[in-house]
$ cat structure-v5.txt   # compact mmCIF, C-alpha atoms
# COMPACT_ATOMS: atom_id res chain seq x y z
CA MET A 467 0.00 0.00 0.00
CA GLN A 468 1.39 3.40 -0.99
CA GLN A 469 2.01 6.04 1.65
CA SER A 470 0.70 9.59 1.47
CA HIS A 471 3.20 12.38 0.86
CA VAL A 472 5.57 13.00 3.74
CA PRO A 473 8.83 14.97 3.82
CA VAL A 474 12.23 13.30 3.74
CA GLN A 475 13.22 12.00 7.16
CA SER A 476 16.71 12.42 8.62
CA SER A 477 17.42 8.70 8.37
CA SER A 478 16.95 8.72 4.59
CA ARG A 479 19.01 11.83 3.86
CA VAL A 480 22.27 11.70 1.93
CA LEU A 481 24.51 13.39 4.49
CA GLU A 482 27.21 14.31 1.96
CA ILE A 483 24.69 16.38 -0.01
CA ASP A 484 23.84 18.35 3.12
CA ALA A 485 27.54 18.81 3.88
CA VAL A 486 28.29 20.14 0.39
CA ARG A 487 25.26 22.44 0.68
CA GLY A 488 26.57 23.67 4.03
CA PHE A 489 29.97 24.46 2.54
CA ALA A 490 28.27 26.24 -0.36
CA LEU A 491 26.61 28.59 2.15
CA PHE A 492 30.08 29.75 3.22
CA GLY A 493 30.93 30.66 -0.38
CA ILE A 494 27.56 32.31 -0.93
CA LEU A 495 28.18 34.68 1.98
CA MET A 496 31.75 35.35 0.85
CA MET A 497 30.39 36.51 -2.49
CA ASN A 498 27.40 38.41 -1.11
CA ILE A 499 29.31 40.35 1.53
CA MET A 500 30.70 42.58 -1.21
CA SER A 501 27.17 43.89 -1.77
CA PHE A 502 26.17 43.98 1.90
CA ALA A 503 29.25 45.92 3.02
CA GLY A 504 29.27 48.69 0.43
CA PRO A 505 27.85 50.12 -2.80
CA HIS A 506 29.05 47.24 -4.95
CA MET A 507 25.91 47.25 -7.09
CA GLU A 508 26.04 51.02 -7.47
CA ASP A 509 29.70 50.85 -8.48
CA GLN A 510 28.82 48.36 -11.22
CA LEU A 511 26.13 50.68 -12.56
CA THR A 512 28.39 53.76 -12.54
CA MET A 513 31.61 51.89 -13.43
CA ASN A 514 33.33 53.34 -10.36
CA THR A 515 35.23 51.64 -7.53
CA SER A 516 34.62 52.67 -3.92
CA ALA A 517 37.54 52.89 -1.50
CA ILE A 518 36.61 49.72 0.42
CA TYR A 519 37.15 47.71 -2.79
CA SER A 520 40.30 49.48 -4.05
CA GLY A 521 43.99 49.62 -3.14
CA THR A 522 45.08 46.71 -0.95
CA ASN A 523 41.41 45.74 -0.64
CA SER A 524 41.33 44.94 -4.36
CA ILE A 525 43.55 41.89 -3.79
CA VAL A 526 40.83 40.32 -1.62
CA ILE A 527 38.15 41.32 -4.14
CA PHE A 528 40.20 39.70 -6.92
CA LEU A 529 40.49 36.47 -4.93
CA ILE A 530 36.75 36.48 -4.18
CA ASN A 531 35.88 37.16 -7.82
CA THR A 532 38.22 34.38 -8.94
CA LEU A 533 37.64 31.66 -6.35
CA VAL A 534 34.11 32.42 -5.17
CA THR A 535 31.94 34.63 -7.38
CA SER A 536 29.77 32.53 -9.76
CA ASN A 537 31.28 29.32 -8.35
CA PHE A 538 29.17 28.87 -5.24
CA TYR A 539 25.76 30.01 -6.46
CA THR A 540 26.41 27.53 -9.28
CA MET A 541 27.18 24.86 -6.69
CA PHE A 542 23.85 25.64 -5.06
CA SER A 543 22.18 25.36 -8.46
CA PHE A 544 23.68 21.91 -9.00
CA LEU A 545 22.43 20.79 -5.58
CA PHE A 546 18.99 22.18 -6.37
CA GLY A 547 18.77 20.07 -9.53
CA LEU A 548 19.92 17.02 -7.58
CA GLY A 549 17.45 17.75 -4.80
CA PHE A 550 14.69 18.15 -7.39
CA TYR A 551 15.28 14.60 -8.60
CA ILE A 552 15.41 13.20 -5.06
CA PHE A 553 12.19 15.02 -4.12
CA LEU A 554 10.21 13.85 -7.15
CA SER A 555 11.57 10.29 -7.22
CA ARG A 556 10.63 9.78 -3.57
CA ALA A 557 7.29 11.56 -3.92
CA GLU A 558 6.35 9.24 -6.82
CA MET A 559 6.39 6.29 -4.43
CA LYS A 560 3.58 7.84 -2.44
CA GLN A 561 -0.03 8.79 -3.11
CA GLY A 562 -1.03 12.14 -4.53
CA SER A 563 -0.04 14.34 -7.44
CA THR A 564 3.76 14.54 -7.45
CA TYR A 565 3.96 17.42 -9.92
CA LEU A 566 1.34 19.52 -8.12
CA LEU A 567 3.23 18.99 -4.89
CA PHE A 568 6.45 20.24 -6.48
CA ILE A 569 4.70 23.20 -8.14
CA ARG A 570 3.29 24.23 -4.77
CA ARG A 571 6.74 23.84 -3.26
CA MET A 572 8.26 26.16 -5.88
CA LEU A 573 5.50 28.76 -5.59
CA ILE A 574 6.06 28.92 -1.84
CA LEU A 575 9.81 29.30 -2.44
CA LEU A 576 9.03 32.13 -4.86
CA VAL A 577 7.02 33.94 -2.19
CA ILE A 578 9.83 33.44 0.36
CA GLY A 579 12.30 34.81 -2.19
CA ILE A 580 10.20 37.90 -2.91
CA ILE A 581 9.80 38.60 0.81
CA HIS A 582 13.57 38.20 1.23
CA ALA A 583 14.31 40.48 -1.73
CA VAL A 584 11.95 43.26 -0.60
CA PHE A 585 12.38 43.26 3.17
CA LEU A 586 16.00 42.15 3.53
CA TRP A 587 18.27 42.09 0.48
CA TYR A 588 17.78 42.78 -3.21
CA GLY A 589 20.31 40.13 -4.27
CA ASP A 590 18.00 37.21 -3.51
CA ILE A 591 18.58 34.04 -5.57
CA LEU A 592 15.55 32.09 -4.36
CA THR A 593 13.21 33.75 -6.86
CA VAL A 594 15.43 32.61 -9.73
CA TYR A 595 15.57 29.08 -8.32
CA ALA A 596 11.79 28.93 -7.91
CA ILE A 597 11.06 30.10 -11.47
CA THR A 598 13.74 27.90 -13.00
CA GLY A 599 12.70 24.98 -10.81
CA LEU A 600 9.28 24.96 -12.46
CA LEU A 601 10.99 24.55 -15.84
CA LEU A 602 12.73 21.43 -14.57
CA LEU A 603 9.42 19.56 -14.66
CA PHE A 604 9.73 19.39 -18.46
CA PHE A 605 13.05 17.52 -18.17
CA TYR A 606 12.37 15.03 -15.38
CA ARG A 607 11.25 12.22 -17.71
CA LEU A 608 13.99 12.78 -20.29
CA PRO A 609 16.97 10.40 -20.46
CA PRO A 610 20.00 11.48 -18.38
CA LYS A 611 22.29 11.91 -21.39
CA PHE A 612 19.69 14.13 -23.07
CA ASN A 613 19.54 16.42 -20.02
CA LEU A 614 23.34 16.61 -19.90
CA ALA A 615 23.44 17.45 -23.62
CA ILE A 616 20.85 20.22 -23.23
CA SER A 617 22.89 21.67 -20.36
CA GLY A 618 26.01 21.64 -22.49
CA VAL A 619 24.23 23.32 -25.41
CA ILE A 620 22.87 26.12 -23.18
CA LEU A 621 26.28 26.84 -21.66
CA LEU A 622 28.00 26.63 -25.07
CA LEU A 623 25.53 29.02 -26.69
CA GLY A 624 25.89 31.40 -23.75
CA THR A 625 29.67 31.29 -24.04
CA VAL A 626 29.65 31.92 -27.79
CA PHE A 627 27.19 34.81 -27.34
CA VAL A 628 29.40 36.43 -24.67
CA LEU A 629 32.52 36.04 -26.81
CA LEU A 630 30.84 37.60 -29.86
CA LEU A 631 29.41 40.46 -27.82
CA THR A 632 32.82 41.04 -26.22
CA LEU A 633 34.44 41.29 -29.66
CA LEU A 634 31.77 43.77 -30.68
CA MET A 635 32.35 45.88 -27.57
CA PHE A 636 36.11 45.86 -28.11
CA SER A 637 35.56 47.11 -31.67
CA ILE A 638 33.60 50.14 -30.43
CA ARG A 639 35.40 50.65 -27.11
CA ASP A 640 36.64 54.10 -28.16
CA VAL A 641 33.09 55.36 -28.65
CA ASP A 642 31.98 57.64 -25.81
CA MET A 643 28.77 56.16 -24.48
CA GLY A 644 28.37 58.78 -21.78
CA ALA A 645 28.38 58.43 -18.03
CA VAL A 646 25.45 56.81 -16.29
CA SER A 647 24.47 57.81 -12.77
CA ALA A 648 23.09 55.27 -10.35
CA SER A 649 20.34 57.73 -9.42
CA SER A 650 18.91 57.33 -12.93
CA TYR A 651 18.12 53.76 -11.88
CA GLY A 652 16.64 54.92 -8.58
CA VAL A 653 19.66 53.53 -6.71
CA ASP A 654 21.26 55.54 -3.89
CA MET A 655 22.80 53.09 -1.46
CA MET A 656 24.48 55.62 0.80
CA ALA A 657 21.18 57.41 1.37
CA ALA A 658 19.49 54.10 2.19
CA ALA A 659 22.30 53.06 4.55
CA SER A 660 22.06 56.33 6.49
CA GLY A 661 18.26 56.39 6.42
CA SER A 662 15.48 54.32 7.94
CA TYR A 663 14.47 50.71 7.40
CA GLY A 664 11.84 52.04 5.01
CA ASP A 665 14.66 53.48 2.88
CA ILE A 666 16.25 50.03 2.72
CA ILE A 667 12.97 48.54 1.52
CA SER A 668 12.66 51.32 -1.07
CA LEU A 669 16.22 50.61 -2.26
CA ASN A 670 15.49 46.89 -2.49
CA MET A 671 12.37 47.48 -4.57
CA SER A 672 14.26 49.83 -6.92
CA ILE A 673 17.05 47.34 -7.52
CA LEU A 674 14.62 44.41 -7.69
CA GLY A 675 13.37 45.67 -11.03
CA LEU A 676 16.93 45.67 -12.38
CA MET A 677 17.51 42.21 -10.97
CA MET A 678 14.40 40.85 -12.68
CA THR A 679 15.75 42.09 -16.01
CA ASN A 680 19.07 40.39 -15.26
CA ASN A 681 17.22 37.19 -14.43
CA ILE A 682 16.14 36.86 -18.06
CA VAL A 683 19.78 36.03 -18.74
CA MET A 684 20.36 34.11 -15.52
CA VAL A 685 17.43 31.67 -15.78
CA PRO A 686 18.83 29.72 -18.77
CA LEU A 687 22.27 29.53 -17.13
CA VAL A 688 20.80 28.36 -13.82
CA LEU A 689 18.65 25.85 -15.72
CA ALA A 690 21.78 24.43 -17.38
CA VAL A 691 23.38 23.72 -14.01
CA PHE A 692 20.07 22.42 -12.61
CA LEU A 693 20.12 19.89 -15.45
CA ILE A 694 23.61 18.71 -14.50
CA GLY A 695 22.33 18.12 -10.97
CA LEU A 696 19.30 16.31 -12.38
CA TYR A 697 21.61 14.17 -14.55
CA VAL A 698 23.69 13.18 -11.50
CA GLY A 699 20.49 12.30 -9.62
CA GLN A 700 19.19 10.20 -12.51
CA LYS A 701 22.51 8.34 -12.70
CA GLY A 702 22.39 7.63 -8.96
CA TYR A 703 25.96 8.77 -8.35
CA PHE A 704 25.29 9.94 -4.80
CA ASP A 705 24.03 6.48 -3.88
CA ARG A 706 27.42 4.96 -4.75
CA LEU A 707 30.05 7.58 -4.00
CA ASP A 708 32.69 5.06 -3.00
CA SER A 709 32.57 3.43 -6.44
CA ILE A 710 33.05 6.66 -8.43
CA ARG A 711 36.23 8.02 -6.86
CA GLY A 712 38.00 7.78 -10.21
CA LEU A 713 35.23 9.81 -11.88
CA LEU A 714 35.41 12.40 -9.12
CA TRP A 715 39.14 12.87 -9.68
CA LYS A 716 38.52 13.35 -13.40
CA VAL A 717 35.89 16.00 -12.62
CA VAL A 718 38.35 17.77 -10.28
CA ILE A 719 41.08 17.87 -12.93
CA PHE A 720 38.72 18.86 -15.75
CA GLY A 721 36.62 21.36 -13.78
CA ILE A 722 39.36 23.22 -11.95
CA GLY A 723 42.01 22.67 -14.63
CA ILE A 724 39.92 24.49 -17.26
CA GLY A 725 37.74 26.61 -14.99
CA LEU A 726 40.50 28.25 -12.93
CA PRO A 727 42.33 29.92 -15.88
CA ILE A 728 38.99 31.28 -17.11
CA LYS A 729 38.13 32.53 -13.63
CA LEU A 730 41.53 34.19 -13.25
CA VAL A 731 40.82 36.25 -16.36
CA THR A 732 37.21 37.06 -15.44
CA GLY A 733 38.23 37.71 -11.83
CA TYR A 734 40.73 40.28 -13.05
CA GLY A 735 38.07 41.89 -15.25
CA MET A 736 35.51 42.00 -12.42
CA THR A 737 38.05 43.59 -10.10
CA TYR A 738 40.03 45.95 -12.29
CA GLY A 739 38.20 46.29 -15.61
CA MET A 740 34.53 47.04 -14.91
CA ASP A 741 35.00 50.63 -16.09
CA ASP A 742 35.51 49.17 -19.57
CA PRO A 743 32.24 47.99 -21.23
CA ALA A 744 34.13 45.31 -23.19
CA TRP A 745 35.66 43.86 -20.02
CA SER A 746 32.33 43.98 -18.19
CA ILE A 747 30.77 41.84 -20.95
CA ALA A 748 33.73 39.45 -21.04
CA THR A 749 33.35 38.75 -17.33
CA MET A 750 30.06 36.99 -18.13
CA LEU A 751 32.24 34.03 -19.10
CA ALA A 752 32.42 33.45 -15.36
CA TYR A 753 28.73 32.51 -15.45
CA THR A 754 28.61 30.62 -18.75
CA LEU A 755 31.81 28.60 -18.43
CA GLY A 756 34.24 29.34 -15.58
CA GLY A 757 31.75 29.18 -12.71
CA PRO A 758 30.03 25.94 -13.77
CA LEU A 759 33.38 24.20 -14.32
CA MET A 760 34.85 25.42 -11.04
CA SER A 761 31.73 24.49 -9.07
CA LEU A 762 31.79 20.92 -10.40
CA GLY A 763 35.48 20.71 -9.53
CA TYR A 764 34.77 22.06 -6.05
CA ILE A 765 31.94 19.58 -5.47
CA ALA A 766 34.08 16.65 -6.61
CA VAL A 767 37.10 17.57 -4.48
CA LEU A 768 34.85 18.27 -1.48
CA LEU A 769 33.20 14.86 -1.83
CA LEU A 770 36.61 13.19 -1.92
CA ILE A 771 37.56 15.07 1.26
CA LEU A 772 34.23 14.27 2.95
CA MET A 773 34.63 10.57 2.19
CA ARG A 774 38.10 10.67 3.72
CA PHE A 775 37.21 12.77 6.77
CA LYS A 776 33.77 11.76 8.05
CA GLY A 777 34.03 14.26 10.88
CA LEU A 778 33.85 17.10 8.35
CA THR A 779 30.59 15.67 7.03
CA ARG A 780 29.18 15.65 10.56
CA LEU A 781 30.38 19.24 11.07
CA LEU A 782 28.81 20.70 7.93
CA GLN A 783 25.71 18.49 7.58
CA PRO A 784 23.41 20.37 10.01
CA VAL A 785 24.27 23.68 8.31
CA GLY A 786 23.24 22.31 4.94
CA GLN A 787 20.16 20.55 6.27
CA MET A 788 18.73 23.93 7.27
CA ALA A 789 20.21 25.79 4.30
CA LEU A 790 17.14 27.96 3.65
CA THR A 791 17.11 29.22 7.23
CA ASN A 792 20.85 29.85 7.19
CA TYR A 793 20.69 31.66 3.85
CA ILE A 794 18.05 34.08 5.16
CA LEU A 795 19.87 34.35 8.49
CA GLN A 796 23.01 35.49 6.67
CA SER A 797 21.06 38.40 5.19
CA ILE A 798 19.63 39.34 8.59
CA VAL A 799 23.07 39.31 10.23
CA MET A 800 24.69 41.31 7.43
CA ILE A 801 21.92 43.94 7.42
CA ILE A 802 22.26 44.35 11.19
CA VAL A 803 26.06 44.57 11.04
CA PHE A 804 26.45 46.96 8.12
CA PHE A 805 23.21 48.95 8.24
CA GLY A 806 22.19 48.69 11.89
CA PHE A 807 25.64 49.69 13.19
CA ASP A 808 26.32 52.25 10.42
CA LEU A 809 29.29 50.29 9.07
CA PHE A 810 28.14 50.41 5.44
CA ASN A 811 31.00 51.47 3.15
CA THR A 812 33.43 51.83 6.08
CA ILE A 813 35.05 48.38 6.46
CA GLY A 814 37.69 47.50 3.87
CA ALA A 815 37.48 44.26 1.93
CA VAL A 816 40.58 42.92 3.70
CA TRP A 817 38.25 42.23 6.65
CA PHE A 818 35.59 40.43 4.61
CA PRO A 819 37.03 36.89 5.02
CA LEU A 820 37.23 37.29 8.80
CA ILE A 821 33.65 38.57 9.03
CA VAL A 822 32.39 35.74 6.82
CA LEU A 823 34.34 33.06 8.69
CA THR A 824 33.09 34.34 12.06
CA THR A 825 29.49 34.42 10.83
CA PHE A 826 29.73 30.95 9.33
CA MET A 827 31.28 29.47 12.47
CA LEU A 828 28.38 30.95 14.44
CA GLN A 829 25.97 29.32 12.00
CA ILE A 830 27.69 25.96 12.46
CA VAL A 831 27.23 26.21 16.23
CA LEU A 832 23.61 27.36 16.01
CA SER A 833 22.76 24.71 13.40
CA HIS A 834 24.16 21.92 15.58
CA MET A 835 22.26 23.20 18.60
CA TRP A 836 19.01 23.47 16.64
CA MET A 837 19.23 20.14 14.83
CA LYS A 838 19.92 18.27 18.07
CA ALA A 839 16.43 19.16 19.23
CA PHE A 840 14.50 19.53 15.98
CA SER A 841 14.03 17.60 12.76
CA TYR A 842 13.96 20.66 10.48
CA GLY A 843 15.21 24.23 10.41
CA PRO A 844 12.49 26.77 11.28
CA LEU A 845 12.00 28.01 7.70
CA GLU A 846 12.29 24.48 6.33
CA TRP A 847 9.53 23.45 8.72
CA ILE A 848 7.24 26.27 7.55
CA TRP A 849 8.09 25.44 3.91
CA ARG A 850 7.13 21.81 4.49
CA ILE A 851 3.88 22.68 6.27
CA LEU A 852 2.79 24.90 3.39
CA THR A 853 3.94 22.31 0.82
CA TYR A 854 2.22 19.29 2.36
CA GLY A 855 -0.79 21.23 3.67
CA ARG A 856 -0.67 19.96 7.23
CA ILE A 857 1.11 20.57 10.51
CA LEU A 858 4.22 18.41 10.83
CA PRO A 859 6.00 17.63 14.11
CA ILE A 860 9.26 19.53 14.40
CA LYS A 861 10.71 18.20 17.65
CA LYS A 862 12.77 15.06 17.57
$ encode --input "structure-v5.txt" --output "structure tokens"
Amino acid sequence: MQQSHVPVQSSSRVLEIDAVRGFALFGILMMNIMSFAGPHMEDQLTMNTSAIYSGTNSIVIFLINTLVTSNFYTMFSFLFGLGFYIFLSRAEMKQGSTYLLFIRRMLILLVIGIIHAVFLWYGDILTVYAITGLLLLFFYRLPPKFNLAISGVILLLGTVFVLLLTLLMFSIRDVDMGAVSASSYGVDMMAAASGSYGDIISLNMSILGLMMTNNIVMVPLVLAVFLIGLYVGQKGYFDRLDSIRGLLWKVVIFGIGIGLPIKLVTGYGMTYGMDDPAWSIATMLAYTLGGPLMSLGYIAVLLLILMRFKGLTRLLQPVGQMALTNYILQSIVMIIVFFGFDLFNTIGAVWFPLIVLTTFMLQIVLSHMWMKAFSYGPLEWIWRILTYGRILPIKK
């Protein structure tokens, strides 16, 4: 007799997936702190560089743009695609409409993302994941190799488009296109940072419109990485990690071996060349090629480490198990630190790694404390209640 829909229990979780997701949260914050701490978004619009990102600080920004930016959100995308397969494959063994359940799950995630983007931080990624997640339903029944091929085609077309557009921009780089002020976009971060919470919400809503336009480009790229995660789920690789060590080493060599040189170039452009329209276009290679390759290499090398050091899996697993809560919590902490204590645009980037490491260590401690007593993170629990349409026990 089939069971009705119930969420995944702790005993049936793949702990390595949670651990990788937990590590990805560290990279997500390392990337996002550039926007929390200062007018990073405004600088990109005006092609200027604020003091906290320049001078000695630029070395840290270069390292973040090379080793972190586009690598870790891509890692999260891969895990989303993998989680999508796990969710649907397990839901199919129970009664009820599997697809409707997933659609409801994505719509709730979309609402959470919009709330996050408006009331906390404009750089929310959950809205993109929710919209793109709905598209994954069209690929679930396709053969694994077909999904991998579609992913490759999307990333290849994106790369070719960026290269052609870069060549075009280099050919007209001497043309004066005129200066653009951030205020023309309704963006004044310093005013929001020194104003009230209402000013922060107003800033978020102004930038949200720009982000939605950017998402038109991001959705296909996120979908491509989702499909790689779906492919890995369909092939059942995470159910037999010990038997694919050789494959993991190949992914490490291929992903980092090719991805790192690309990211070094795009990292340089993101750090030192954003005042040049041609460079700013060329840096998109970080999202079409460098980031996806590096993220796969990171995942593979992390899995090899996790299989060797089981204690690291136990350390990171609770953080990843309540990833949604921790992702939102990062935004809350950063808003309090940089806006609540008037530190916006005052702390140099050389301090970013220390702030991120301290925050993440705190999240590790809090996650372990929470998961000892409860089966789900608080937001995960609410997400499940709304998805399954009934109150679920949270205490262990």
$ residues_near_point --input "structure-v5.txt" --point "(24.7, 13.3, 4.8)" --cutoff "10 Å" --atoms "all atoms listed in the file" --output "PDB file with C-alpha atoms, in the frame of the given file"
ATOM      1  CA  SER A 476      16.710  12.420   8.620  1.00  0.00           C
ATOM      2  CA  SER A 477      17.420   8.700   8.370  1.00  0.00           C
ATOM      3  CA  SER A 478      16.950   8.720   4.590  1.00  0.00           C
ATOM      4  CA  ARG A 479      19.010  11.830   3.860  1.00  0.00           C
ATOM      5  CA  VAL A 480      22.270  11.700   1.930  1.00  0.00           C
ATOM      6  CA  LEU A 481      24.510  13.390   4.490  1.00  0.00           C
ATOM      7  CA  GLU A 482      27.210  14.310   1.960  1.00  0.00           C
ATOM      8  CA  ILE A 483      24.690  16.380  -0.010  1.00  0.00           C
ATOM      9  CA  ASP A 484      23.840  18.350   3.120  1.00  0.00           C
ATOM     10  CA  ALA A 485      27.540  18.810   3.880  1.00  0.00           C
ATOM     11  CA  VAL A 486      28.290  20.140   0.390  1.00  0.00           C
ATOM     12  CA  LEU A 772      34.230  14.270   2.950  1.00  0.00           C
ATOM     13  CA  LYS A 776      33.770  11.760   8.050  1.00  0.00           C
ATOM     14  CA  THR A 779      30.590  15.670   7.030  1.00  0.00           C
ATOM     15  CA  ARG A 780      29.180  15.650  10.560  1.00  0.00           C
ATOM     16  CA  LEU A 782      28.810  20.700   7.930  1.00  0.00           C
ATOM     17  CA  GLN A 783      25.710  18.490   7.580  1.00  0.00           C
ATOM     18  CA  PRO A 784      23.410  20.370  10.010  1.00  0.00           C
ATOM     19  CA  GLY A 786      23.240  22.310   4.940  1.00  0.00           C
ATOM     20  CA  GLN A 787      20.160  20.550   6.270  1.00  0.00           C
TER      21      GLN A 787
END
$ atom_distance --input "structure-v5.txt" --atom1 "CA of Ser520 (chain A)" --atom2 "CA of Thr632 (chain A)"
24.9 Å
$ closest_residue --input "structure-v5.txt" --among "A:Leu601, A:Ile813, A:Leu545, A:Leu687" --to "Gly488 (chain A)" --atoms "all atoms listed in the file"
A:Leu545
$ closest_residue --input "structure-v5.txt" --among "A:Met773, A:Lys701, A:Leu631, A:Val717" --to "Trp745 (chain A)" --atoms "only C-alpha atoms"
A:Leu631
$ residues_around --input "structure-v5.txt" --residues "region 747-759 of chain A" --least-positions-apart "5" --cutoff "8 Å" --atoms "only C-alpha atoms" --output "compact mmCIF listing (two decimals) with C-alpha atoms, in the frame of the given file"
# COMPACT_ATOMS: atom_id res chain seq x y z
CA THR A 535 31.94 34.63 -7.38
CA SER A 536 29.77 32.53 -9.76
CA ASN A 537 31.28 29.32 -8.35
CA PHE A 538 29.17 28.87 -5.24
CA THR A 540 26.41 27.53 -9.28
CA MET A 541 27.18 24.86 -6.69
CA LEU A 621 26.28 26.84 -21.66
CA LEU A 622 28.00 26.63 -25.07
CA GLY A 624 25.89 31.40 -23.75
CA THR A 625 29.67 31.29 -24.04
CA VAL A 628 29.40 36.43 -24.67
CA LEU A 629 32.52 36.04 -26.81
CA LEU A 631 29.41 40.46 -27.82
CA THR A 632 32.82 41.04 -26.22
CA MET A 635 32.35 45.88 -27.57
CA LEU A 687 22.27 29.53 -17.13
CA VAL A 691 23.38 23.72 -14.01
CA PHE A 720 38.72 18.86 -15.75
CA GLY A 721 36.62 21.36 -13.78
CA ILE A 722 39.36 23.22 -11.95
CA ILE A 724 39.92 24.49 -17.26
CA GLY A 725 37.74 26.61 -14.99
CA LEU A 726 40.50 28.25 -12.93
CA ILE A 728 38.99 31.28 -17.11
CA LYS A 729 38.13 32.53 -13.63
CA VAL A 731 40.82 36.25 -16.36
CA THR A 732 37.21 37.06 -15.44
CA GLY A 733 38.23 37.71 -11.83
CA GLY A 735 38.07 41.89 -15.25
CA MET A 736 35.51 42.00 -12.42
$ closest_residue --input "structure-v5.txt" --among "A:Ile860, A:Leu567, A:Leu770, A:Ala659" --to "Arg711 (chain A)" --atoms "only C-alpha atoms"
A:Leu770
$ residues_around --input "structure-v5.txt" --residues "Met671 (chain A)" --least-positions-apart "5" --cutoff "9 Å" --atoms "all atoms listed in the file" --output "list in words"
Ala583, Val584, Phe585, Tyr588 and Ile666 of chain A
$ write_last_selection --input "structure-v5.txt" --atoms "C-alpha atoms" --output "PDB file, keeping the file's coordinate frame"
ATOM      1  CA  ALA A 583      14.310  40.480  -1.730  1.00  0.00           C
ATOM      2  CA  VAL A 584      11.950  43.260  -0.600  1.00  0.00           C
ATOM      3  CA  PHE A 585      12.380  43.260   3.170  1.00  0.00           C
ATOM      4  CA  TYR A 588      17.780  42.780  -3.210  1.00  0.00           C
ATOM      5  CA  ILE A 666      16.250  50.030   2.720  1.00  0.00           C
TER       6      ILE A 666
END
$ closest_residue --input "structure-v5.txt" --among "A:Lys861, A:Leu809, A:Leu529, A:Trp715" --to "Gly763 (chain A)" --atoms "all atoms listed in the file"
A:Trp715
$ atom_distance --input "structure-v5.txt" --atom1 "CA of Phe502 (chain A)" --atom2 "CA of Ile798 (chain A)"
10.4 Å
$ residues_around --input "structure-v5.txt" --residues "Met507 (chain A)" --least-positions-apart "4" --cutoff "10 Å" --atoms "all atoms listed in the file" --output "PyMOL selection string"
chain A and resi 500-502+511-513+589+648+653+655+673
$ residues_around --input "structure-v5.txt" --residues "Met800 (chain A)" --least-positions-apart "3" --cutoff "10 Å" --atoms "all atoms listed in the file" --output "PyMOL selection string"
chain A and resi 495+498-499+501-503+586-587+795-797+803-806+810+821-822+825
$ atom_distance --input "structure-v5.txt" --atom1 "CA of Arg607 (chain A)" --atom2 "CA of Tyr703 (chain A)"
17.8 Å
$ residues_around --input "structure-v5.txt" --residues "region 852-856 of chain A" --least-positions-apart "2" --cutoff "7 Å" --atoms "all atoms listed in the file" --output "list of chain:residue names"
A:Leu567, A:Arg570, A:Arg571, A:Ile848, A:Trp849, A:Arg850, A:Leu858
$ closest_residue --input "structure-v5.txt" --among "A:Leu491, A:Leu713, A:Ile530, A:Met684" --to "Phe818 (chain A)" --atoms "all atoms listed in the file"
A:Ile530
$ closest_residue --input "structure-v5.txt" --among "A:Val683, A:Met572, A:Ile552, A:Leu769" --to "Tyr697 (chain A)" --atoms "all atoms listed in the file"
A:Ile552
